[in-house]
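S.K.: Input: one structure, supplied below.
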Amino acid sequence: MQMKQRLLKTTVSGLMFAGILISSGCASIEPWVKPYERDNLADPIMSANRNPVSFSYTMHAFQAREGARGAEGGAGGGCGCN
Amino acid sequence: MDADATRVIYTMNKRSVILFILLQILLVAAFSSFAAVLPQERADVMYHSYEGDGMSIDGPSVLVRKQIGNKVSVSANYYVDMISGASIDVLATASPYEEERTEHSVGVDFLHNKTLMNLNFTSSSENDFEARSVHFGISQDFFGDLTTLSMGYSKGWDEVGKRGDENFFEEAERQQFQFGVTQVITKNMIIGLNFENISDEGYLNNPYRAVRFVDPSAERGYRFETEVYPNTRTSNAAAINLNYYLPYRASIYGEASVFSDTWGIDANSYKLGYIHTFGDNWILDMRVRHYQQDKADFYQDLFARSAEFNFRARDKEMSTFSNTSIGLSVTYEYRFSPSSWVKKGTVNYELDHLRFEYDDFRNVLADAPVGEEPLFEFSANVTRIFVSLWY
């Protein structure tokens, strides 16, 4: 348990550091993937949440039977699912 | 680690998250960035079904999204769960039942100064439970859209009743902080990091669940009594996911997540999937997922006596268990003529088969000496059939 909490704390710190780096460095770093190189990334098969109606239901169906919750990504919105 | 130390760490995490959100809002306001886009206009009509552990839950879900002008997009969702049967928890102490849950939600997305914001309201209603929640989210792209930062805050209010007891009325409040970063790594790879802190306060029990305790005078050698949970719970979850586009039109994806809460539940999950396309019309998605958790500190399958501890639970979702699922989705996609009102349509079938195995939750319906019943296990199928239209 102690290890996992340390891991979570490290993750939070990492995210904070990444966020600050991202936000403060945006004027100086050149985008390394150009807009015309993004066809593959824009393909729906690269998105876990390409069908929100099914994504949110499936998330709910799993979460209702598991103790864990949160950090699934995708669309938020509160689920009234308890 | 003792409970106080745990609480301190969670409080620190929560403060860090709040501080970070404030910091990011300031940074977002301070730096110029690239344009975000509104979600696509589409409508989805779905039939969903869950079958497993003696329960059958199915119903429709309809989601419609429409753009108003260039800066606003609105959405509405209508969702119904029709529930019948009874899970092992209920069968041990009560009879099968039928009920219905209806959920409505409306949302608005707003594009302002190249920042995408959304606001959602959800209400869920059943004969013994009412839930309302509001969510606010904000996201912004940086580095020429290579990095997307998103944050969210939700607040929820629950009203808990109990069938057969008109005087029973309890309340709970829920609060969620979400933070995510999506990063384009190469022209074929994207990774995402998500973090979520959730805190609940109030009546967090399920009023129908009971714990069992040894009572030699009882016919079966044990009896049941009401569960008692702490009235606060704080949890943290973090997940990393990756999508990689293969040299032909296919992709692989993976996700790993960790979870920990103040009730002592630690969990992790791993997911791996492969998406394959056949021509322009067919998409096949195959996936496996494994989930494992350790029990809550106050969970026991069998207590030594009545009211043995202040807090006590025998809800199987609080026990030590794992589940493994395999899933398959098939999509048929059709593109209409460019002049048509409808641009694209899909027909989808999705199925996940789950297997749950419990380490310390016993099947009390089996004929065996007290505390020596076989460990419980069950399988379930989660099915979605839906049609989507883009216009």
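Residues in the structure tokens are numbered from 1 in each chain, the chains being A, B, ... in the order shown, and ligands are numbered from 1 in the order shown.
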Which residues are near range 303-308 of chain B? Cut-off 10 Å, only C-alpha atoms, ignore same chain within fewer than 2 positions. Put them as a ChimeraX atom specification.

M.R.: /B:211-215,222-228,299-301,310-314,371

S.K.: Pull N, CA and C atoms from the residues just selected and write them as a compact mmCIF listing (two decimals), in the first residue's frame.

M.R.:
# COMPACT_ATOMS: atom_id res chain seq x y z
N VAL B 211 -23.48 -7.88 6.58
CA VAL B 211 -22.31 -8.69 6.94
C VAL B 211 -22.83 -9.93 7.70
N ARG B 212 -22.06 -10.98 7.68
CA ARG B 212 -22.48 -12.16 8.47
C ARG B 212 -21.52 -12.36 9.62
N PHE B 213 -22.07 -12.87 10.71
CA PHE B 213 -21.24 -13.13 11.89
C PHE B 213 -21.62 -14.47 12.49
N VAL B 214 -20.68 -15.06 13.18
CA VAL B 214 -20.88 -16.39 13.76
C VAL B 214 -21.90 -16.32 14.89
N ASP B 215 -22.88 -17.20 14.85
CA ASP B 215 -23.87 -17.30 15.92
C ASP B 215 -24.27 -18.78 16.04
N TYR B 222 -24.67 -18.94 11.51
CA TYR B 222 -24.33 -17.53 11.39
C TYR B 222 -25.60 -16.72 11.14
N ARG B 223 -25.49 -15.44 11.35
CA ARG B 223 -26.60 -14.52 11.05
C ARG B 223 -26.07 -13.30 10.31
N PHE B 224 -26.99 -12.48 9.82
CA PHE B 224 -26.60 -11.26 9.09
C PHE B 224 -26.98 -10.02 9.89
N GLU B 225 -26.20 -8.96 9.73
CA GLU B 225 -26.56 -7.65 10.29
C GLU B 225 -26.10 -6.55 9.33
N THR B 226 -26.59 -5.36 9.55
CA THR B 226 -26.32 -4.25 8.63
C THR B 226 -24.83 -3.93 8.52
N GLU B 227 -24.41 -3.59 7.31
CA GLU B 227 -23.03 -3.12 7.12
C GLU B 227 -22.87 -1.72 7.72
N VAL B 228 -21.68 -1.40 8.16
CA VAL B 228 -21.38 -0.02 8.60
C VAL B 228 -20.08 0.42 7.94
N TYR B 299 -13.27 -5.05 5.64
CA TYR B 299 -14.00 -6.14 4.99
C TYR B 299 -13.67 -7.49 5.64
N GLN B 300 -14.67 -8.30 5.86
CA GLN B 300 -14.46 -9.70 6.26
C GLN B 300 -15.62 -10.53 5.73
N ASP B 301 -15.31 -11.74 5.34
CA ASP B 301 -16.39 -12.63 4.88
C ASP B 301 -17.24 -13.10 6.05
N ASN B 310 -16.19 -1.36 14.69
CA ASN B 310 -17.03 -0.20 14.39
C ASN B 310 -17.47 -0.17 12.93
N PHE B 311 -16.52 -0.48 12.02
CA PHE B 311 -16.83 -0.51 10.60
C PHE B 311 -16.76 -1.94 10.12
N ARG B 312 -17.72 -2.34 9.32
CA ARG B 312 -17.73 -3.72 8.83
C ARG B 312 -18.46 -3.79 7.49
N ALA B 313 -17.86 -4.58 6.59
CA ALA B 313 -18.43 -4.73 5.26
C ALA B 313 -18.30 -6.16 4.79
N ARG B 314 -19.29 -6.60 4.02
CA ARG B 314 -19.17 -7.89 3.33
C ARG B 314 -19.66 -7.76 1.89
N GLY B 371 -17.92 -20.83 7.22
CA GLY B 371 -16.56 -20.35 6.95
C GLY B 371 -15.76 -21.26 6.04

S.K.: Where does DSSP see strand (DSSP E) in range 41-200 of chain B, if you list the residues as a ChimeraX atom specification?

M.R.: /B:42-52,55-68,72-85,97-112,115-126,129-142,147-160,170-186,189-200

S.K.: Could those selected residues go to a file with C-alpha atoms, as a compact mmCIF listing (two decimals), in the first residue's frame?

M.R.:
# COMPACT_ATOMS: atom_id res chain seq x y z
CA ARG B 42 -23.51 12.90 -34.19
CA ALA B 43 -26.37 10.82 -32.84
CA ASP B 44 -26.10 7.37 -31.24
CA VAL B 45 -28.85 4.93 -30.36
CA MET B 46 -27.69 1.98 -28.26
CA TYR B 47 -29.09 -1.13 -26.63
CA HIS B 48 -26.96 -2.32 -23.71
CA SER B 49 -27.08 -5.51 -21.68
CA TYR B 50 -25.29 -6.95 -18.65
CA GLU B 51 -25.88 -10.62 -17.77
CA GLY B 52 -24.11 -12.25 -14.86
CA MET B 55 -28.57 -10.26 -12.61
CA SER B 56 -29.94 -9.02 -15.87
CA ILE B 57 -29.59 -5.29 -16.58
CA ASP B 58 -30.45 -3.87 -19.96
CA GLY B 59 -31.98 -0.87 -21.67
CA PRO B 60 -31.52 1.89 -24.21
CA SER B 61 -29.17 4.87 -24.36
CA VAL B 62 -29.60 7.74 -26.80
CA LEU B 63 -26.95 10.43 -27.22
CA VAL B 64 -27.39 13.41 -29.54
CA ARG B 65 -24.88 16.18 -30.17
CA LYS B 66 -25.55 19.32 -32.21
CA GLN B 67 -23.45 22.36 -33.01
CA ILE B 68 -24.88 25.86 -32.69
CA VAL B 72 -21.11 26.13 -29.14
CA SER B 73 -22.03 22.45 -29.17
CA VAL B 74 -24.81 20.95 -27.08
CA SER B 75 -25.45 17.31 -26.15
CA ALA B 76 -28.19 15.32 -24.47
CA ASN B 77 -28.21 11.73 -23.24
CA TYR B 78 -31.14 9.57 -22.15
CA TYR B 79 -30.20 6.29 -20.50
CA VAL B 80 -32.24 3.52 -18.85
CA ASP B 81 -31.22 0.48 -16.77
CA MET B 82 -33.92 -2.17 -16.35
CA ILE B 83 -32.78 -4.42 -13.55
CA SER B 84 -34.10 -7.87 -12.67
CA GLY B 85 -32.82 -10.84 -10.71
CA TYR B 97 -36.40 -7.91 -7.40
CA GLU B 98 -37.05 -5.67 -10.38
CA GLU B 99 -36.40 -1.97 -10.70
CA GLU B 100 -35.56 0.72 -13.20
CA ARG B 101 -33.01 3.52 -13.23
CA THR B 102 -33.35 6.47 -15.59
CA GLU B 103 -30.56 8.91 -16.24
CA HIS B 104 -30.74 12.22 -18.10
CA SER B 105 -27.81 14.42 -18.88
CA VAL B 106 -27.34 17.61 -20.85
CA GLY B 107 -24.09 19.32 -21.72
CA VAL B 108 -22.72 22.32 -23.49
CA ASP B 109 -19.26 22.72 -25.00
CA PHE B 110 -17.97 26.19 -25.58
CA LEU B 111 -14.98 27.25 -27.65
CA HIS B 112 -13.59 30.53 -26.36
CA THR B 115 -9.89 27.00 -25.19
CA LEU B 116 -12.55 24.28 -25.05
CA MET B 117 -14.79 24.26 -21.99
CA ASN B 118 -17.69 21.99 -21.16
CA LEU B 119 -20.42 21.94 -18.59
CA ASN B 120 -22.61 18.87 -17.91
CA PHE B 121 -25.58 18.19 -15.68
CA THR B 122 -26.65 14.63 -14.91
CA SER B 123 -29.56 13.34 -12.92
CA SER B 124 -30.23 9.71 -12.14
CA SER B 125 -33.45 8.44 -10.63
CA GLU B 126 -34.66 5.11 -9.26
CA PHE B 129 -31.93 6.43 -5.04
CA GLU B 130 -31.57 9.91 -6.55
CA ALA B 131 -28.28 11.30 -7.81
CA ARG B 132 -27.47 14.67 -9.33
CA SER B 133 -24.10 15.86 -10.52
CA VAL B 134 -22.49 18.76 -12.30
CA HIS B 135 -19.20 18.65 -14.18
CA PHE B 136 -16.97 21.39 -15.52
CA GLY B 137 -14.06 20.60 -17.81
CA ILE B 138 -11.48 22.66 -19.63
CA SER B 139 -8.92 21.57 -22.22
CA GLN B 140 -6.33 23.26 -24.32
CA ASP B 141 -3.83 22.26 -27.00
CA PHE B 142 -0.21 23.36 -26.96
CA THR B 147 -0.01 18.34 -26.31
CA THR B 148 -3.50 18.54 -24.86
CA LEU B 149 -3.98 19.45 -21.26
CA SER B 150 -7.37 18.82 -19.67
CA MET B 151 -8.81 19.39 -16.23
CA GLY B 152 -12.18 18.66 -14.75
CA TYR B 153 -14.15 19.14 -11.58
CA SER B 154 -17.38 17.34 -10.66
CA LYS B 155 -19.69 17.62 -7.72
CA GLY B 156 -22.45 15.14 -6.96
CA TRP B 157 -25.32 14.84 -4.50
CA ASP B 158 -26.98 11.52 -3.63
CA GLU B 159 -30.22 10.82 -1.79
CA VAL B 160 -30.47 7.26 -0.54
CA GLU B 170 -29.66 9.37 3.91
CA GLU B 171 -27.47 11.72 1.86
CA ALA B 172 -23.98 11.78 0.42
CA GLU B 173 -21.82 14.31 -1.45
CA ARG B 174 -19.13 13.51 -3.97
CA GLN B 175 -16.34 15.60 -5.41
CA GLN B 176 -13.95 14.76 -8.26
CA PHE B 177 -10.82 16.43 -9.61
CA GLN B 178 -9.53 15.21 -12.94
CA PHE B 179 -6.33 16.04 -14.72
CA GLY B 180 -5.01 14.68 -18.00
CA VAL B 181 -2.24 15.17 -20.53
CA THR B 182 -2.32 13.73 -24.02
CA GLN B 183 0.96 13.87 -25.88
CA VAL B 184 1.71 13.16 -29.54
CA ILE B 185 5.04 11.31 -29.53
CA THR B 186 5.47 10.55 -33.23
CA MET B 189 2.07 7.23 -31.48
CA ILE B 190 0.13 9.07 -28.84
CA ILE B 191 0.22 8.63 -25.05
CA GLY B 192 -2.10 9.87 -22.34
CA LEU B 193 -1.74 10.33 -18.60
CA ASN B 194 -4.79 10.71 -16.41
CA PHE B 195 -5.15 11.38 -12.73
CA GLU B 196 -8.31 11.59 -10.65
CA ASN B 197 -8.96 12.38 -7.01
CA ILE B 198 -12.42 11.55 -5.67
CA SER B 199 -13.74 12.30 -2.21
CA ASP B 200 -17.10 11.22 -0.83

S.K.: Mind checking which residues fall within 10 Å of Arg69 in chain A, counting only C-alpha atoms, ignoring those fewer than 6 positions away in the same chain, and posting them as a PyMOL selection string?

M.R.: (chain A and resi 59-60+62-63) or (chain B and resi 196-198+235-238+258-261+267)

S.K.: Would you mind exporting the chosen residues as a short mmCIF file (atom, residue, chain, number, x, y, z; two decimals), in the first residue's frame, restricted to N, CA and C atoms?

M.R.:
data_model
loop_
_atom_site.label_atom_id
_atom_site.label_comp_id
_atom_site.auth_asym_id
_atom_site.auth_seq_id
_atom_site.Cartn_x
_atom_site.Cartn_y
_atom_site.Cartn_z
N MET A 59 -17.52 1.73 -19.19
CA MET A 59 -16.80 2.18 -18.00
C MET A 59 -17.68 1.97 -16.76
N HIS A 60 -18.95 2.35 -16.88
CA HIS A 60 -19.89 2.22 -15.76
C HIS A 60 -20.11 0.74 -15.40
N PHE A 62 -18.13 -1.81 -15.76
CA PHE A 62 -16.98 -2.38 -15.06
C PHE A 62 -16.86 -1.78 -13.65
N GLN A 63 -17.00 -0.45 -13.58
CA GLN A 63 -16.75 0.24 -12.31
C GLN A 63 -17.76 -0.14 -11.23
N GLU B 196 -7.02 11.17 -11.20
CA GLU B 196 -8.31 11.59 -10.65
C GLU B 196 -8.35 11.39 -9.15
N ASN B 197 -8.78 12.42 -8.46
CA ASN B 197 -8.96 12.38 -7.01
C ASN B 197 -10.46 12.48 -6.74
N ILE B 198 -10.98 11.54 -5.98
CA ILE B 198 -12.42 11.55 -5.67
C ILE B 198 -12.60 11.51 -4.16
N SER B 235 -10.13 8.78 -2.71
CA SER B 235 -9.36 7.86 -3.54
C SER B 235 -8.54 8.62 -4.58
N ASN B 236 -7.44 8.01 -4.98
CA ASN B 236 -6.60 8.54 -6.05
C ASN B 236 -6.41 7.44 -7.08
N ALA B 237 -6.52 7.82 -8.34
CA ALA B 237 -6.28 6.86 -9.42
C ALA B 237 -5.41 7.53 -10.48
N ALA B 238 -4.49 6.77 -11.04
CA ALA B 238 -3.64 7.28 -12.11
C ALA B 238 -3.58 6.24 -13.21
N VAL B 258 -3.32 2.43 -11.66
CA VAL B 258 -3.20 2.09 -10.24
C VAL B 258 -4.23 2.91 -9.46
N PHE B 259 -4.65 2.36 -8.34
CA PHE B 259 -5.70 2.98 -7.54
C PHE B 259 -5.42 2.72 -6.07
N SER B 260 -5.74 3.69 -5.23
CA SER B 260 -5.59 3.51 -3.79
C SER B 260 -6.59 4.41 -3.08
N ASP B 261 -7.17 3.94 -1.99
CA ASP B 261 -8.11 4.81 -1.27
C ASP B 261 -7.94 4.70 0.24
N ALA B 267 -5.68 -1.20 -5.97
CA ALA B 267 -6.05 -1.95 -7.17
C ALA B 267 -5.15 -1.57 -8.33
#

S.K.: Measuring between only C-alpha atoms, which one of B:Asn323, B:Pro39, B:Asp89, B:Gly144 shows the shortest distance to Tyr36 in chain A?

M.R.: B:Gly144

S.K.: With a distance cut-off of 9 Å and only C-alpha atoms, select the neighbouring residues of Pro31 in chain A, excluding the residue or stretch itself and same-chain residues fewer than 5 positions from it, and output the selection as a PyMOL selection string.

M.R.: chain B and resi 143-146

S.K.: What does the distance from CA of Leu354 in chain B to CA of Phe321 in chain B come to in Å, to one decimal?

M.R.: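 A separation of 12.9 Å between them.
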
S.K.: Would you mind reading off the distance between CA of Gly161 in chain B and CA of Thr232 in chain B, one decimal, in Å?

M.R.: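 Calculated distance between CA of Gly161 in chain B and CA of Thr232 in chain B is 18.8 Å.
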
S.K.: Just the residues within 10 Å of range 248-254 of chain B, please, counting only C-alpha atoms, with nothing from its chain fewer than 4 positions along; format it as a PyMOL selection string.

M.R.: (chain A and resi 40+43+45-48) or (chain B and resi 188-191+240-244+270-280+283-289)

S.K.: By how many Å are CA of Thr331 in chain B and CA of Gly345 in chain B apart?

M.R.: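 Distance between the two atoms: 10.1 Å.
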
S.K.: Can you tell me which residues surround Val347 in chain B at a distance of at most 12 Å, considering only C-alpha atoms, apart from same-chain residues fewer than 4 positions away, and format the answer as a list in words?

M.R.: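 Everything that qualifies: Asn51 of chain A; Asp44, Val45, Met46, Tyr47, Asn281, Trp282, Ile283, Ser329, Val330, Thr331, Tyr332, Glu333, Tyr334, Arg335, Arg384, Ile385, Phe386, Val387, Ser388 and Leu389 of chain B.
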
S.K.: Keeping only N, CA and C atoms, write the selected residues to a file as a PDB file, in the first residue's frame.

M.R.:
ATOM      1  N   ASN A  51     -16.432   6.206 -29.547  1.00  0.00           N
ATOM      2  CA  ASN A  51     -17.885   6.100 -29.440  1.00  0.00           C
ATOM      3  C   ASN A  51     -18.295   6.402 -27.994  1.00  0.00           C
TER       4      ASN A  51
ATOM      5  N   ASP B  44     -26.319   8.793 -31.511  1.00  0.00           N
ATOM      6  CA  ASP B  44     -26.101   7.370 -31.237  1.00  0.00           C
ATOM      7  C   ASP B  44     -27.331   6.790 -30.551  1.00  0.00           C
ATOM      8  N   VAL B  45     -27.752   5.638 -31.018  1.00  0.00           N
ATOM      9  CA  VAL B  45     -28.847   4.925 -30.358  1.00  0.00           C
ATOM     10  C   VAL B  45     -28.315   3.541 -30.009  1.00  0.00           C
ATOM     11  N   MET B  46     -28.338   3.210 -28.711  1.00  0.00           N
ATOM     12  CA  MET B  46     -27.687   1.977 -28.259  1.00  0.00           C
ATOM     13  C   MET B  46     -28.627   1.119 -27.412  1.00  0.00           C
ATOM     14  N   TYR B  47     -28.486  -0.185 -27.573  1.00  0.00           N
ATOM     15  CA  TYR B  47     -29.090  -1.129 -26.630  1.00  0.00           C
ATOM     16  C   TYR B  47     -27.926  -1.740 -25.850  1.00  0.00           C
ATOM     17  N   ASN B 281     -14.770  -0.372 -44.888  1.00  0.00           N
ATOM     18  CA  ASN B 281     -16.044  -0.477 -44.189  1.00  0.00           C
ATOM     19  C   ASN B 281     -16.026  -1.205 -42.849  1.00  0.00           C
ATOM     20  N   TRP B 282     -15.052  -2.080 -42.630  1.00  0.00           N
ATOM     21  CA  TRP B 282     -15.115  -2.917 -41.423  1.00  0.00           C
ATOM     22  C   TRP B 282     -13.988  -2.600 -40.445  1.00  0.00           C
ATOM     23  N   ILE B 283     -14.337  -2.491 -39.167  1.00  0.00           N
ATOM     24  CA  ILE B 283     -13.335  -2.303 -38.109  1.00  0.00           C
ATOM     25  C   ILE B 283     -13.544  -3.385 -37.049  1.00  0.00           C
ATOM     26  N   SER B 329     -15.190  -6.080 -30.681  1.00  0.00           N
ATOM     27  CA  SER B 329     -16.134  -5.111 -31.260  1.00  0.00           C
ATOM     28  C   SER B 329     -16.047  -5.200 -32.776  1.00  0.00           C
ATOM     29  N   VAL B 330     -17.203  -5.161 -33.419  1.00  0.00           N
ATOM     30  CA  VAL B 330     -17.239  -5.162 -34.879  1.00  0.00           C
ATOM     31  C   VAL B 330     -18.023  -3.933 -35.322  1.00  0.00           C
ATOM     32  N   THR B 331     -17.441  -3.159 -36.230  1.00  0.00           N
ATOM     33  CA  THR B 331     -18.099  -1.947 -36.734  1.00  0.00           C
ATOM     34  C   THR B 331     -18.212  -2.022 -38.251  1.00  0.00           C
ATOM     35  N   TYR B 332     -19.399  -1.749 -38.764  1.00  0.00           N
ATOM     36  CA  TYR B 332     -19.562  -1.588 -40.204  1.00  0.00           C
ATOM     37  C   TYR B 332     -19.808  -0.113 -40.461  1.00  0.00           C
ATOM     38  N   GLU B 333     -18.983   0.482 -41.314  1.00  0.00           N
ATOM     39  CA  GLU B 333     -19.063   1.931 -41.563  1.00  0.00           C
ATOM     40  C   GLU B 333     -19.512   2.190 -42.996  1.00  0.00           C
ATOM     41  N   TYR B 334     -20.411   3.144 -43.138  1.00  0.00           N
ATOM     42  CA  TYR B 334     -20.884   3.492 -44.481  1.00  0.00           C
ATOM     43  C   TYR B 334     -20.815   5.002 -44.659  1.00  0.00           C
ATOM     44  N   ARG B 335     -20.218   5.449 -45.757  1.00  0.00           N
ATOM     45  CA  ARG B 335     -20.137   6.892 -46.045  1.00  0.00           C
ATOM     46  C   ARG B 335     -21.198   7.266 -47.063  1.00  0.00           C
ATOM     47  N   ARG B 384     -23.107  -4.384 -26.162  1.00  0.00           N
ATOM     48  CA  ARG B 384     -23.604  -3.098 -26.685  1.00  0.00           C
ATOM     49  C   ARG B 384     -23.890  -3.276 -28.176  1.00  0.00           C
ATOM     50  N   ILE B 385     -25.075  -2.859 -28.567  1.00  0.00           N
ATOM     51  CA  ILE B 385     -25.421  -2.840 -30.000  1.00  0.00           C
ATOM     52  C   ILE B 385     -25.878  -1.422 -30.290  1.00  0.00           C
ATOM     53  N   PHE B 386     -25.222  -0.737 -31.218  1.00  0.00           N
ATOM     54  CA  PHE B 386     -25.616   0.643 -31.472  1.00  0.00           C
ATOM     55  C   PHE B 386     -25.409   1.096 -32.901  1.00  0.00           C
ATOM     56  N   VAL B 387     -26.186   2.104 -33.241  1.00  0.00           N
ATOM     57  CA  VAL B 387     -26.092   2.754 -34.550  1.00  0.00           C
ATOM     58  C   VAL B 387     -25.676   4.189 -34.333  1.00  0.00           C
ATOM     59  N   SER B 388     -24.711   4.670 -35.122  1.00  0.00           N
ATOM     60  CA  SER B 388     -24.247   6.058 -34.986  1.00  0.00           C
ATOM     61  C   SER B 388     -24.364   6.762 -36.334  1.00  0.00           C
ATOM     62  N   LEU B 389     -24.773   8.001 -36.292  1.00  0.00           N
ATOM     63  CA  LEU B 389     -24.858   8.809 -37.511  1.00  0.00           C
ATOM     64  C   LEU B 389     -24.111  10.130 -37.296  1.00  0.00           C
TER      65      LEU B 389
END

S.K.: In terms of the shortest atom-to-atom distance over only C-alpha atoms, which of B:Asn113, B:Ser95, B:Thr383, B:Asn167 is closest to chain A?

M.R.: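 Among the listed residues, the smallest separation from chain A belongs to B:Thr383.
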
S.K.: Select, from B:His290, B:Lys187, B:Asp359, B:Ser325, the residue with the minimum atom-to-atom distance to Lys34 in chain A, counting only C-alpha atoms.

M.R.: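 Checking each candidate against Lys34 in chain A, we get B:Lys187 as the closest.
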